[in-house]
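Accompanying notes for the structure given below.
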Amino acid sequence: PLFSLLETSVHPAVAFTGLAADLEKNEILLEGETDTFKHLDEQVLLLRNKSEIKDLHLTKIELGNQGRVKFSVDLSFPVEFTKKLAPKP
């Protein structure tokens with residue numbers, strides 16, 4: 001379910017470069033980069049409009065090499081969504 005969600009939620013000018021999941025806290029941290037702050041804003045709006053995402057916080061924004069915008073976003077999900085991601089015993 002997570003990759004299907006991301007597949008339909010990624011702005012064409014954004015590249016996600018990292019993903020860390022904390023299923024006990026129902027959170028996923030995504031790291032990414034894009035070429036402009038406008039594209040970052042559009043990416044945040046795409047994620048905010050997803051009903052599966054309970055909450056979203058930008059936790060880091062910085063200018064990287066060649067002026068690219070690097071960012072981290074912390075996504076919170078309902079328990080029902082993250083249960084689908086947990087490995088089966």
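Numbering starts fresh at 1 for the residues of each chain in the structure tokens, the chains themselves are lettered A, B, ... in the order given, and ligands are numbered from 1 as they appear.
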Distance query Phe16 (chain A) at most 8 Å, only C-alpha atoms, self and fewer than 5 positions along chain excluded, as number ranges by chain: A: 30-33
Closest of A:Glu42, A:Asp22, A:Glu27, A:Asp35 to Gly64 (chain A) - atom-to-atom distances counting only C-alpha atoms: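 Closest to Gly64 (chain A), using only C-alpha atoms: A:Asp35.
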List the neighbours of Leu75 (chain A) out to 8 Å using only C-alpha atoms; skip same-chain residues closer than 2 positions along the sequence, and give me the result as a JSON list (two decimals) with N, CA and C atoms, in the first residue's frame.
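around.json written:
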[["chain", "number", "residue", "atom", "x", "y", "z"],
["A", 27, "GLU", "N", 4.61, 6.22, 11.68],
["A", 27, "GLU", "CA", 5.25, 7.32, 10.96],
["A", 27, "GLU", "C", 6.22, 6.82, 9.91],
["A", 28, "ILE", "N", 6.34, 7.60, 8.87],
["A", 28, "ILE", "CA", 7.32, 7.35, 7.82],
["A", 28, "ILE", "C", 8.02, 8.66, 7.52],
["A", 29, "LEU", "N", 9.34, 8.62, 7.49],
["A", 29, "LEU", "CA", 10.14, 9.79, 7.15],
["A", 29, "LEU", "C", 10.63, 9.63, 5.72],
["A", 30, "LEU", "N", 10.33, 10.61, 4.89],
["A", 30, "LEU", "CA", 10.81, 10.63, 3.51],
["A", 30, "LEU", "C", 11.82, 11.74, 3.34],
["A", 53, "ILE", "N", -2.98, 9.80, 4.59],
["A", 53, "ILE", "CA", -2.02, 10.50, 5.43],
["A", 53, "ILE", "C", -2.76, 11.32, 6.48],
["A", 54, "LYS", "N", -2.48, 11.01, 7.74],
["A", 54, "LYS", "CA", -3.15, 11.67, 8.86],
["A", 54, "LYS", "C", -2.55, 13.05, 9.13],
["A", 55, "ASP", "N", -1.21, 13.15, 9.05],
["A", 55, "ASP", "CA", -0.55, 14.41, 9.34],
["A", 55, "ASP", "C", 0.78, 14.45, 8.60],
["A", 56, "LEU", "N", 1.29, 15.66, 8.39],
["A", 56, "LEU", "CA", 2.53, 15.85, 7.63],
["A", 56, "LEU", "C", 3.30, 17.01, 8.22],
["A", 57, "HIS", "N", 4.60, 16.81, 8.42],
["A", 57, "HIS", "CA", 5.47, 17.87, 8.94],
["A", 57, "HIS", "C", 6.75, 17.91, 8.12],
["A", 73, "VAL", "N", 10.36, 15.03, 5.14],
["A", 73, "VAL", "CA", 8.96, 15.17, 5.52],
["A", 73, "VAL", "C", 8.56, 13.95, 6.35],
["A", 77, "PHE", "N", 0.38, 8.21, 9.80],
["A", 77, "PHE", "CA", -0.70, 7.42, 9.20],
["A", 77, "PHE", "C", -1.61, 6.87, 10.28]]
With DSSP run on the backbone, what are the strand (DSSP E or B) residues within chain A? I'd like them as a PDB file with C-alpha atoms, in the first residue's frame.
ATOM      1  CA  VAL A  14      10.718  15.624  -7.007  1.00  0.00           C
ATOM      2  CA  ALA A  15      13.015  12.689  -6.314  1.00  0.00           C
ATOM      3  CA  PHE A  16      12.734  10.834  -3.029  1.00  0.00           C
ATOM      4  CA  THR A  17      16.181   9.765  -1.845  1.00  0.00           C
ATOM      5  CA  GLY A  18      15.428   8.054   1.460  1.00  0.00           C
ATOM      6  CA  LEU A  19      12.679   6.368   3.439  1.00  0.00           C
ATOM      7  CA  ALA A  20      12.599   5.303   7.089  1.00  0.00           C
ATOM      8  CA  ALA A  21       9.569   3.699   8.709  1.00  0.00           C
ATOM      9  CA  ASP A  22       8.671   3.599  12.393  1.00  0.00           C
ATOM     10  CA  GLU A  27       5.247   7.322  10.965  1.00  0.00           C
ATOM     11  CA  ILE A  28       7.324   7.350   7.821  1.00  0.00           C
ATOM     12  CA  LEU A  29      10.140   9.790   7.154  1.00  0.00           C
ATOM     13  CA  LEU A  30      10.808  10.629   3.509  1.00  0.00           C
ATOM     14  CA  GLU A  31      13.875  12.479   2.291  1.00  0.00           C
ATOM     15  CA  GLY A  32      13.955  14.065  -1.117  1.00  0.00           C
ATOM     16  CA  GLU A  33      15.095  16.856  -3.357  1.00  0.00           C
ATOM     17  CA  THR A  34      13.723  19.084  -6.068  1.00  0.00           C
ATOM     18  CA  ASP A  55      -0.551  14.407   9.337  1.00  0.00           C
ATOM     19  CA  LEU A  56       2.527  15.850   7.629  1.00  0.00           C
ATOM     20  CA  HIS A  57       5.472  17.874   8.935  1.00  0.00           C
ATOM     21  CA  LEU A  58       8.393  19.253   6.991  1.00  0.00           C
ATOM     22  CA  THR A  59      11.293  18.532   9.323  1.00  0.00           C
ATOM     23  CA  LYS A  60      14.184  19.831   7.223  1.00  0.00           C
ATOM     24  CA  ILE A  61      14.581  22.186   4.270  1.00  0.00           C
ATOM     25  CA  GLU A  62      17.971  23.218   2.934  1.00  0.00           C
ATOM     26  CA  LEU A  63      19.721  24.257  -0.243  1.00  0.00           C
ATOM     27  CA  VAL A  69      16.171  22.034  -2.449  1.00  0.00           C
ATOM     28  CA  LYS A  70      16.689  19.114  -0.063  1.00  0.00           C
ATOM     29  CA  PHE A  71      13.957  18.254   2.397  1.00  0.00           C
ATOM     30  CA  SER A  72      12.631  15.731   4.882  1.00  0.00           C
ATOM     31  CA  VAL A  73       8.964  15.169   5.523  1.00  0.00           C
ATOM     32  CA  ASP A  74       7.489  13.182   8.393  1.00  0.00           C
ATOM     33  CA  LEU A  75       4.210  11.474   7.524  1.00  0.00           C
ATOM     34  CA  SER A  76       1.791  10.116  10.128  1.00  0.00           C
TER      35      SER A  76
END
DSSP-assigned alpha helix (DSSP H) among chain A, expressed as a list of chain:residue names: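 The residues of chain A classed as alpha helix (DSSP H) are A:Leu2, A:Phe3, A:Ser4, A:Leu5, A:Leu6, A:Glu7, A:Phe37, A:Lys38, A:His39, A:Leu40, A:Asp41, A:Glu42, A:Gln43, A:Val44, A:Leu45, A:Leu46, A:Leu47, A:Arg48, A:Val79, A:Glu80, A:Phe81, A:Thr82, A:Lys83.
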Residues within 9 Å of Val10 (chain A), only C-alpha atoms, excluding chain neighbours under 6 positions, as a list in words: Phe16, Gln43, Leu46 and Leu47 of chain A
Which of A:Lys25, A:His11, A:Glu52, A:Val79 sits closest to His39 (chain A) [using only C-alpha atoms]: A:His11
Between CA of Glu80 (chain A) and CA of Leu45 (chain A), distance in Å (one decimal): 22.7 Å
Nearest-residue call for Lys84 (chain A), choices A:Asn26, A:Asn65, A:Ser51, A:Thr36, using only C-alpha atoms: A:Asn26
